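Printed here is work16.tsv (TSV, C-alpha atoms and all ligand atoms):
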```tsv
chain	number	residue	atom	x	y	z
A	849	MET	CA	40.43	-13.74	-18.98
A	850	LYS	CA	40.58	-10.06	-19.83
A	851	ARG	CA	39.21	-7.83	-17.12
A	852	PRO	CA	36.33	-5.47	-17.91
A	853	ALA	CA	36.49	-1.67	-17.57
A	854	ALA	CA	33.45	-1.94	-15.31
A	855	CYS	CA	30.85	-4.40	-14.01
A	856	LEU	CA	27.21	-3.33	-14.12
A	857	PHE	CA	24.87	-5.18	-11.80
A	858	ASP	CA	21.14	-5.63	-11.77
A	859	LEU	CA	19.72	-5.82	-8.23
A	860	ASP	CA	16.49	-7.83	-8.11
A	861	GLY	CA	16.98	-11.53	-8.71
A	862	LEU	CA	20.69	-11.00	-9.41
A	863	LEU	CA	22.27	-9.67	-6.21
A	864	LEU	CA	19.23	-10.13	-3.96
A	865	ASP	CA	16.69	-12.96	-4.08
A	866	THR	CA	13.69	-10.65	-4.42
A	867	GLU	CA	11.94	-11.95	-7.54
A	868	PRO	CA	9.72	-14.56	-5.85
A	869	HIS	CA	8.53	-11.80	-3.50
A	870	HIS	CA	7.85	-9.34	-6.35
A	871	ALA	CA	5.94	-12.03	-8.26
A	872	SER	CA	3.91	-12.92	-5.18
A	873	ALA	CA	2.98	-9.27	-4.58
A	874	TRP	CA	1.87	-8.70	-8.20
A	875	SER	CA	-0.01	-12.00	-8.19
A	876	GLN	CA	-1.89	-11.18	-4.99
A	877	ALA	CA	-2.65	-7.62	-6.12
A	878	ALA	CA	-3.99	-8.78	-9.51
A	879	ALA	CA	-6.10	-11.45	-7.78
A	880	TYR	CA	-7.58	-8.76	-5.53
A	881	PHE	CA	-8.90	-7.10	-8.72
A	882	GLY	CA	-10.23	-10.40	-10.12
A	883	LEU	CA	-7.34	-11.53	-12.34
A	884	LEU	CA	-5.27	-14.69	-11.85
A	885	LEU	CA	-1.87	-14.00	-13.43
A	886	PRO	CA	-0.31	-17.11	-15.03
A	887	PRO	CA	3.44	-17.79	-14.55
A	888	ASP	CA	4.47	-16.55	-18.01
A	889	GLN	CA	2.82	-13.16	-17.44
A	890	LEU	CA	4.46	-12.88	-14.01
A	891	LEU	CA	7.82	-13.64	-15.66
A	892	GLY	CA	7.19	-10.82	-18.12
A	893	LEU	CA	7.09	-8.32	-15.24
A	894	ARG	CA	10.64	-9.15	-14.14
A	895	GLY	CA	13.32	-6.52	-14.49
A	896	ARG	CA	10.96	-3.70	-15.38
A	897	ARG	CA	10.11	-0.47	-13.62
A	898	ARG	CA	7.17	-0.40	-11.22
A	899	SER	CA	5.38	2.23	-13.33
A	900	ASP	CA	5.71	0.06	-16.45
A	901	ASN	CA	4.39	-2.97	-14.53
A	902	VAL	CA	1.43	-0.98	-13.20
A	903	ASP	CA	0.46	-0.08	-16.77
A	904	GLN	CA	0.90	-3.70	-17.88
A	905	VAL	CA	-1.13	-5.25	-15.06
A	906	ARG	CA	-3.93	-2.68	-15.49
A	907	THR	CA	-4.05	-3.59	-19.20
A	908	TRP	CA	-4.28	-7.30	-18.38
A	909	ILE	CA	-7.04	-6.66	-15.83
A	910	GLY	CA	-8.98	-4.71	-18.49
A	911	GLU	CA	-8.46	-7.42	-21.10
A	912	SER	CA	-9.87	-10.00	-18.69
A	913	GLY	CA	-13.12	-8.06	-18.50
A	914	GLN	CA	-12.67	-6.89	-14.91
A	915	VAL	CA	-13.06	-3.31	-13.74
A	916	VAL	CA	-9.66	-1.61	-14.16
A	917	PRO	CA	-8.31	-0.01	-10.99
A	918	THR	CA	-6.42	3.27	-11.14
A	919	ALA	CA	-2.64	3.05	-10.81
A	920	ALA	CA	-2.97	4.38	-7.25
A	921	GLU	CA	-5.60	1.76	-6.36
A	922	LEU	CA	-3.43	-1.05	-7.72
A	923	LEU	CA	-0.33	0.17	-5.88
A	924	ALA	CA	-2.30	0.63	-2.65
A	925	VAL	CA	-2.84	-3.14	-2.68
A	926	GLN	CA	0.50	-4.25	-4.19
A	927	GLN	CA	2.96	-2.09	-2.28
A	928	PRO	CA	2.20	-3.12	1.32
A	929	ILE	CA	2.44	-6.78	0.28
A	930	ALA	CA	5.73	-6.21	-1.59
A	931	GLN	CA	7.27	-4.19	1.24
A	932	ARG	CA	6.39	-6.80	3.84
A	933	LEU	CA	7.79	-9.68	1.75
A	934	LEU	CA	10.95	-7.90	0.55
A	935	ARG	CA	12.23	-7.29	4.08
A	936	GLY	CA	13.25	-10.94	4.17
A	937	ALA	CA	15.09	-11.05	0.80
A	938	ALA	CA	18.38	-12.98	1.03
A	939	PRO	CA	21.58	-12.37	-0.97
A	940	MET	CA	21.98	-14.48	-4.11
A	941	PRO	CA	24.77	-17.08	-3.86
A	942	GLY	CA	28.19	-15.57	-4.55
A	943	ALA	CA	26.92	-11.97	-4.79
A	944	ARG	CA	28.74	-10.55	-1.80
A	945	GLY	CA	31.97	-12.43	-2.53
A	946	LEU	CA	32.02	-11.22	-6.14
A	947	LEU	CA	31.56	-7.56	-5.18
A	948	GLU	CA	34.32	-7.84	-2.59
A	949	ARG	CA	36.68	-9.42	-5.13
A	950	LEU	CA	35.96	-6.76	-7.75
A	951	ARG	CA	36.53	-4.04	-5.15
A	952	ASP	CA	39.91	-5.60	-4.28
A	953	LEU	CA	40.78	-5.75	-8.01
A	954	GLU	CA	39.73	-2.08	-8.32
A	955	VAL	CA	37.19	-2.81	-11.06
A	956	ALA	CA	34.60	0.00	-11.35
A	957	MET	CA	31.04	-1.03	-10.54
A	958	ALA	CA	27.53	0.35	-10.90
A	959	LEU	CA	24.09	-0.81	-9.85
A	960	VAL	CA	21.65	-0.65	-12.78
A	961	THR	CA	18.21	-1.35	-11.42
A	962	SER	CA	14.62	-0.69	-12.45
A	963	SER	CA	13.71	-0.17	-8.79
A	964	GLY	CA	13.19	3.40	-7.60
A	965	ARG	CA	15.21	5.12	-4.88
A	966	GLU	CA	12.87	4.43	-1.98
A	967	ALA	CA	12.55	0.73	-2.85
A	968	VAL	CA	16.31	0.36	-3.37
A	969	GLU	CA	17.06	1.92	0.01
A	970	ARG	CA	14.56	-0.35	1.71
A	971	LYS	CA	15.89	-3.50	0.02
A	972	CYS	CA	19.57	-2.62	0.55
A	973	ALA	CA	19.23	-1.59	4.21
A	974	PRO	CA	19.70	-5.14	5.62
A	975	HIS	CA	22.72	-5.67	3.29
A	976	PRO	CA	25.46	-3.10	3.99
A	977	TRP	CA	27.84	-4.98	1.65
A	978	LEU	CA	25.83	-3.56	-1.28
A	979	GLY	CA	27.41	-0.22	-0.37
A	980	ILE	CA	30.56	-1.52	-2.14
A	981	ILE	CA	28.81	-0.29	-5.31
A	982	SER	CA	28.75	3.48	-5.11
A	983	GLU	CA	27.43	4.42	-8.59
A	984	ARG	CA	23.74	3.78	-9.15
A	985	VAL	CA	21.27	4.14	-12.00
A	986	LEU	CA	17.77	3.75	-10.55
A	987	GLY	CA	14.37	3.26	-12.16
A	988	ASP	CA	13.25	6.77	-11.15
A	989	ASP	CA	16.60	8.36	-12.02
A	990	PRO	CA	15.90	11.92	-13.26
A	991	GLU	CA	18.43	11.46	-16.09
A	992	LEU	CA	16.71	8.32	-17.36
A	993	THR	CA	14.08	8.50	-20.11
A	994	ALA	CA	13.31	4.82	-20.85
A	995	GLY	CA	13.66	1.80	-18.57
A	996	LYS	CA	14.75	-1.77	-19.34
A	997	PRO	CA	14.45	-3.37	-21.91
A	998	ALA	CA	15.56	-0.08	-23.55
A	999	PRO	CA	19.37	0.33	-23.48
A	1000	ASP	CA	19.23	3.67	-21.63
A	1001	PRO	CA	19.97	2.44	-18.06
A	1002	PHE	CA	23.19	0.64	-19.04
A	1003	LEU	CA	24.28	3.47	-21.35
A	1004	LEU	CA	23.79	5.97	-18.53
A	1005	ALA	CA	25.77	3.80	-16.09
A	1006	ALA	CA	28.71	3.49	-18.51
A	1007	GLN	CA	28.61	7.23	-19.15
A	1008	ARG	CA	28.71	8.02	-15.42
A	1009	LEU	CA	31.65	5.68	-14.91
A	1010	GLY	CA	33.43	7.16	-17.93
A	1011	VAL	CA	33.79	3.81	-19.70
A	1012	THR	CA	32.71	2.41	-23.08
A	1013	PRO	CA	29.63	0.12	-22.82
A	1014	GLY	CA	31.39	-2.51	-24.97
A	1015	ASN	CA	34.08	-2.79	-22.29
A	1016	CYS	CA	31.52	-3.42	-19.55
A	1017	TRP	CA	30.27	-6.73	-18.23
A	1018	ALA	CA	26.56	-6.55	-17.40
A	1019	PHE	CA	24.99	-9.06	-15.00
A	1020	GLU	CA	21.29	-9.77	-15.34
A	1021	ASP	CA	18.68	-12.39	-14.48
A	1022	SER	CA	15.66	-11.15	-16.46
A	1023	LEU	CA	14.84	-11.01	-20.16
A	1024	ALA	CA	14.07	-7.28	-20.02
A	1025	GLY	CA	17.42	-6.67	-18.31
A	1026	ALA	CA	19.44	-8.88	-20.63
A	1027	ARG	CA	17.90	-7.24	-23.70
A	1028	SER	CA	18.64	-3.81	-22.24
A	1029	ALA	CA	22.30	-4.66	-21.63
A	1030	ARG	CA	22.63	-6.31	-25.04
A	1031	ALA	CA	21.12	-3.27	-26.78
A	1032	ALA	CA	23.59	-1.04	-24.91
A	1033	GLY	CA	26.46	-3.11	-26.33
A	1034	CYS	CA	27.66	-4.62	-23.04
A	1035	VAL	CA	29.05	-8.13	-22.63
A	1036	VAL	CA	26.01	-9.82	-21.07
A	1037	TYR	CA	26.26	-12.42	-18.31
A	1038	VAL	CA	22.91	-13.95	-17.42
A	1039	VAL	CA	22.23	-15.87	-14.24
A	1040	PRO	CA	18.77	-17.37	-14.87
A	1041	GLY	CA	16.46	-18.22	-11.99
A	1042	THR	CA	16.33	-21.92	-11.24
A	1043	GLU	CA	12.56	-22.22	-11.61
A	1044	LEU	CA	12.40	-20.97	-15.22
A	1045	PRO	CA	10.36	-22.90	-17.81
A	1046	ALA	CA	12.34	-24.09	-20.86
A	1047	ALA	CA	10.86	-21.52	-23.25
A	1048	ALA	CA	11.78	-18.62	-20.95
A	1049	LEU	CA	15.28	-20.03	-20.50
A	1050	SER	CA	15.89	-20.25	-24.25
A	1051	ARG	CA	14.73	-16.63	-24.73
A	1052	LEU	CA	17.21	-15.60	-22.01
A	1053	GLU	CA	20.00	-17.62	-23.63
A	1054	ALA	CA	19.42	-15.78	-26.90
A	1055	SER	CA	20.13	-12.45	-25.18
A	1056	ALA	CA	23.20	-13.63	-23.25
A	1057	ASP	CA	26.88	-13.78	-24.18
A	1058	HIS	CA	27.54	-16.03	-21.19
A	1059	LEU	CA	25.22	-18.07	-18.98
A	1060	LEU	CA	26.19	-18.66	-15.35
A	1061	ALA	CA	24.49	-21.10	-12.99
A	1062	SER	CA	25.48	-18.75	-10.16
A	1063	LEU	CA	27.61	-15.64	-9.55
A	1064	GLU	CA	29.98	-18.03	-7.76
A	1065	ASP	CA	30.91	-19.44	-11.18
A	1066	LEU	CA	32.39	-16.23	-12.63
A	1067	ARG	CA	36.14	-16.52	-13.24
A	1068	LEU	CA	38.24	-13.39	-13.07
A	1069	GLY	CA	41.74	-13.27	-14.47
B	1101	MG	MG	16.60	-8.67	-12.18
```
Show me this structure written as structure tokens.
Ligand SMILES: [Mg+2]
Amino acid sequence: MKRPAACLFDLDGLLLDTEPHHASAWSQAAAYFGLLLPPDQLLGLRGRRRSDNVDQVRTWIGESGQVVPTAAELLAVQQPIAQRLLRGAAPMPGARGLLERLRDLEVAMALVTSSGREAVERKCAPHPWLGIISERVLGDDPELTAGKPAPDPFLLAAQRLGVTPGNCWAFEDSLAGARSARAAGCVVYVVPGTELPAAALSRLEASADHLLASLEDLRLG
């Protein structure tokens, strides 16, 4: 197999098992304001920036006929829950081994995440192996205009590494992330969560060049 010029990694749900915690925090916060979020709406929040999710959840609360909290009021409920839960996030299977192998093969790498700097630092702190990836495009990156599913985050990562997006392998677990990487022209590897309903899985498949059951399954030449 031909090696890529660079590998671009999503963080949440791809390298770290954070998505159940994010979903739980949004679910509990929405419930606090009177809205029970069904699983398909929770899935729709995956891979996106916090600010985009705040707007989305406030819209859903309004549509349900409840009083809409301000963004600050919503985050005041959601953030403490998320921060408490995320402290215990485990690595995804094969994540650490893959980064170590790519480092040994001298393949360039970047983290391309919708999470902002403070959240990334908090989530990465218990996992020093994530420091193998030195280039980072974050959700609150000052050079970033639009977040996933727009192509901007992956385009910016390729630009910073000095490589062509089409020569990059992008690794994603969410639909927003896979669509972002696809729109940027990357070769898209998707590692879907195991608990996905069939409809969500087929939407993910449509945005993927390759599906992997786990990062352990990637073969490098
Ligand atoms: Mg993700």
Tell me, as a ChimeraX atom specification, which residues lie within 12 Å of Leu923 (chain A), counting all atoms listed in the file; anything in the same chain fewer than 2 positions away does not count. /A:873-874,876-878,880-881,898-899,901-903,905-906,917-921,925-931
Residues proximal to (35.5, -12.3, -12.4) were defined as those with any atom within 10 Å of that point in the file's coordinates, counting all atoms listed in the file. Which are they, as an NGL selection string? :A and (849-852 or 855 or 946-947 or 949-950 or 953 or 955 or 1017 or 1063-1069)
Got time to write the residues from that selection, C-alpha atoms, as a compact mmCIF listing (two decimals), in the frame of the given file?
```txt
# COMPACT_ATOMS: atom_id res chain seq x y z
CA MET A 849 40.43 -13.74 -18.98
CA LYS A 850 40.58 -10.06 -19.83
CA ARG A 851 39.21 -7.83 -17.12
CA PRO A 852 36.33 -5.47 -17.91
CA CYS A 855 30.85 -4.40 -14.01
CA LEU A 946 32.02 -11.22 -6.14
CA LEU A 947 31.56 -7.56 -5.18
CA ARG A 949 36.68 -9.42 -5.13
CA LEU A 950 35.96 -6.76 -7.75
CA LEU A 953 40.78 -5.75 -8.01
CA VAL A 955 37.19 -2.81 -11.06
CA TRP A 1017 30.27 -6.73 -18.23
CA LEU A 1063 27.61 -15.64 -9.55
CA GLU A 1064 29.98 -18.03 -7.76
CA ASP A 1065 30.91 -19.44 -11.18
CA LEU A 1066 32.39 -16.23 -12.63
CA ARG A 1067 36.14 -16.52 -13.24
CA LEU A 1068 38.24 -13.39 -13.07
CA GLY A 1069 41.74 -13.27 -14.47
```
Pick from A:Ala853, A:Ala998, A:Leu933, A:Ala967: nearest to Ala1032 (chain A), with all atoms listed in the file counted? A:Ala998
Nearest to ligand MG 1101 (chain B): which of A:Met940, A:Leu883, A:Ala956, A:Ala854 is it, counting all atoms listed in the file? A:Met940
With only C-alpha atoms and all ligand atoms counted, collect every polymer residue having an atom within 8 Å of ligand MG 1101 (chain B); state the result as a list in words. Asp858, Leu859, Asp860, Gly861, Leu862, Glu867, Arg894, Gly895, Thr961, Glu1020, Asp1021, Ser1022 and Gly1025 of chain A
Which is closer to Pro941 (chain A) than all the others in A:Asp865, A:Glu1043, A:Glu1053, A:Glu954, using all atoms listed in the file?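 Of the candidates, the smallest distance to Pro941 (chain A) is held by A:Asp865.
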Just write region 892-971 of chain A with C-alpha atoms, as a PDB file, in the first residue's frame, taken from the block above.
```pdb
ATOM      1  CA  GLY A 892     -26.020  14.887  14.695  1.00  0.00           C
ATOM      2  CA  LEU A 893     -23.972  16.791  17.279  1.00  0.00           C
ATOM      3  CA  ARG A 894     -20.919  14.556  16.807  1.00  0.00           C
ATOM      4  CA  GLY A 895     -17.804  16.024  15.291  1.00  0.00           C
ATOM      5  CA  ARG A 896     -18.982  19.617  15.406  1.00  0.00           C
ATOM      6  CA  ARG A 897     -17.710  22.638  17.272  1.00  0.00           C
ATOM      7  CA  ARG A 898     -19.161  23.442  20.680  1.00  0.00           C
ATOM      8  CA  SER A 899     -20.435  26.828  19.462  1.00  0.00           C
ATOM      9  CA  ASP A 900     -22.261  25.168  16.543  1.00  0.00           C
ATOM     10  CA  ASN A 901     -23.795  22.604  18.920  1.00  0.00           C
ATOM     11  CA  VAL A 902     -24.929  25.324  21.322  1.00  0.00           C
ATOM     12  CA  ASP A 903     -26.788  27.035  18.465  1.00  0.00           C
ATOM     13  CA  GLN A 904     -28.301  23.709  17.365  1.00  0.00           C
ATOM     14  CA  VAL A 905     -29.479  22.632  20.826  1.00  0.00           C
ATOM     15  CA  ARG A 906     -30.947  26.092  21.540  1.00  0.00           C
ATOM     16  CA  THR A 907     -32.873  25.843  18.249  1.00  0.00           C
ATOM     17  CA  TRP A 908     -34.212  22.406  19.191  1.00  0.00           C
ATOM     18  CA  ILE A 909     -35.244  23.642  22.647  1.00  0.00           C
ATOM     19  CA  GLY A 910     -37.119  26.541  21.001  1.00  0.00           C
ATOM     20  CA  GLU A 911     -38.797  24.242  18.484  1.00  0.00           C
ATOM     21  CA  SER A 912     -40.037  22.048  21.332  1.00  0.00           C
ATOM     22  CA  GLY A 913     -41.883  25.004  22.820  1.00  0.00           C
ATOM     23  CA  GLN A 914     -39.627  25.387  25.857  1.00  0.00           C
ATOM     24  CA  VAL A 915     -38.061  28.644  26.985  1.00  0.00           C
ATOM     25  CA  VAL A 916     -34.742  29.002  25.131  1.00  0.00           C
ATOM     26  CA  PRO A 917     -31.733  29.506  27.402  1.00  0.00           C
ATOM     27  CA  THR A 918     -28.926  31.836  26.377  1.00  0.00           C
ATOM     28  CA  ALA A 919     -25.753  30.185  25.095  1.00  0.00           C
ATOM     29  CA  ALA A 920     -24.087  31.008  28.422  1.00  0.00           C
ATOM     30  CA  GLU A 921     -26.953  29.455  30.412  1.00  0.00           C
ATOM     31  CA  LEU A 922     -26.814  26.270  28.342  1.00  0.00           C
ATOM     32  CA  LEU A 923     -23.037  25.971  28.669  1.00  0.00           C
ATOM     33  CA  ALA A 924     -23.204  26.653  32.410  1.00  0.00           C
ATOM     34  CA  VAL A 925     -25.158  23.398  32.708  1.00  0.00           C
ATOM     35  CA  GLN A 926     -23.434  21.365  29.965  1.00  0.00           C
ATOM     36  CA  GLN A 927     -19.782  22.158  30.607  1.00  0.00           C
ATOM     37  CA  PRO A 928     -19.393  20.967  34.217  1.00  0.00           C
ATOM     38  CA  ILE A 929     -21.061  17.671  33.268  1.00  0.00           C
ATOM     39  CA  ALA A 930     -18.849  17.247  30.178  1.00  0.00           C
ATOM     40  CA  GLN A 931     -15.654  18.114  32.043  1.00  0.00           C
ATOM     41  CA  ARG A 932     -16.394  15.666  34.841  1.00  0.00           C
ATOM     42  CA  LEU A 933     -17.200  12.815  32.429  1.00  0.00           C
ATOM     43  CA  LEU A 934     -14.358  13.451  29.968  1.00  0.00           C
ATOM     44  CA  ARG A 935     -11.660  13.024  32.615  1.00  0.00           C
ATOM     45  CA  GLY A 936     -12.234   9.278  32.362  1.00  0.00           C
ATOM     46  CA  ALA A 937     -12.086   8.986  28.526  1.00  0.00           C
ATOM     47  CA  ALA A 938     -10.037   5.966  27.404  1.00  0.00           C
ATOM     48  CA  PRO A 939      -7.935   5.629  24.230  1.00  0.00           C
ATOM     49  CA  MET A 940      -9.689   4.006  21.270  1.00  0.00           C
ATOM     50  CA  PRO A 941      -8.311   0.542  20.395  1.00  0.00           C
ATOM     51  CA  GLY A 942      -5.156   0.765  18.284  1.00  0.00           C
ATOM     52  CA  ALA A 943      -4.867   4.571  18.512  1.00  0.00           C
ATOM     53  CA  ARG A 944      -1.609   4.762  20.419  1.00  0.00           C
ATOM     54  CA  GLY A 945       0.024   1.948  18.444  1.00  0.00           C
ATOM     55  CA  LEU A 946      -0.877   3.563  15.118  1.00  0.00           C
ATOM     56  CA  LEU A 947       0.576   6.952  16.088  1.00  0.00           C
ATOM     57  CA  GLU A 948       3.774   5.291  17.280  1.00  0.00           C
ATOM     58  CA  ARG A 949       4.096   3.340  14.027  1.00  0.00           C
ATOM     59  CA  LEU A 950       3.518   6.433  11.884  1.00  0.00           C
ATOM     60  CA  ARG A 951       6.100   8.333  13.933  1.00  0.00           C
ATOM     61  CA  ASP A 952       8.622   5.517  13.335  1.00  0.00           C
ATOM     62  CA  LEU A 953       7.804   5.601   9.597  1.00  0.00           C
ATOM     63  CA  GLU A 954       8.278   9.405   9.660  1.00  0.00           C
ATOM     64  CA  VAL A 955       4.795  10.077   8.264  1.00  0.00           C
ATOM     65  CA  ALA A 956       3.657  13.653   9.015  1.00  0.00           C
ATOM     66  CA  MET A 957       0.614  13.916  11.273  1.00  0.00           C
ATOM     67  CA  ALA A 958      -1.884  16.534  12.385  1.00  0.00           C
ATOM     68  CA  LEU A 959      -4.771  16.592  14.817  1.00  0.00           C
ATOM     69  CA  VAL A 960      -7.892  18.067  13.184  1.00  0.00           C
ATOM     70  CA  THR A 961     -10.482  18.505  15.887  1.00  0.00           C
ATOM     71  CA  SER A 962     -13.596  20.594  16.439  1.00  0.00           C
ATOM     72  CA  SER A 963     -12.695  20.880  20.129  1.00  0.00           C
ATOM     73  CA  GLY A 964     -11.237  24.167  21.341  1.00  0.00           C
ATOM     74  CA  ARG A 965      -7.798  24.603  22.910  1.00  0.00           C
ATOM     75  CA  GLU A 966      -8.862  24.415  26.541  1.00  0.00           C
ATOM     76  CA  ALA A 967     -10.948  21.264  25.982  1.00  0.00           C
ATOM     77  CA  VAL A 968      -8.184  19.612  23.938  1.00  0.00           C
ATOM     78  CA  GLU A 969      -5.611  20.273  26.644  1.00  0.00           C
ATOM     79  CA  ARG A 970      -7.911  18.870  29.299  1.00  0.00           C
ATOM     80  CA  LYS A 971      -8.730  15.734  27.293  1.00  0.00           C
TER      81      LYS A 971
END
```
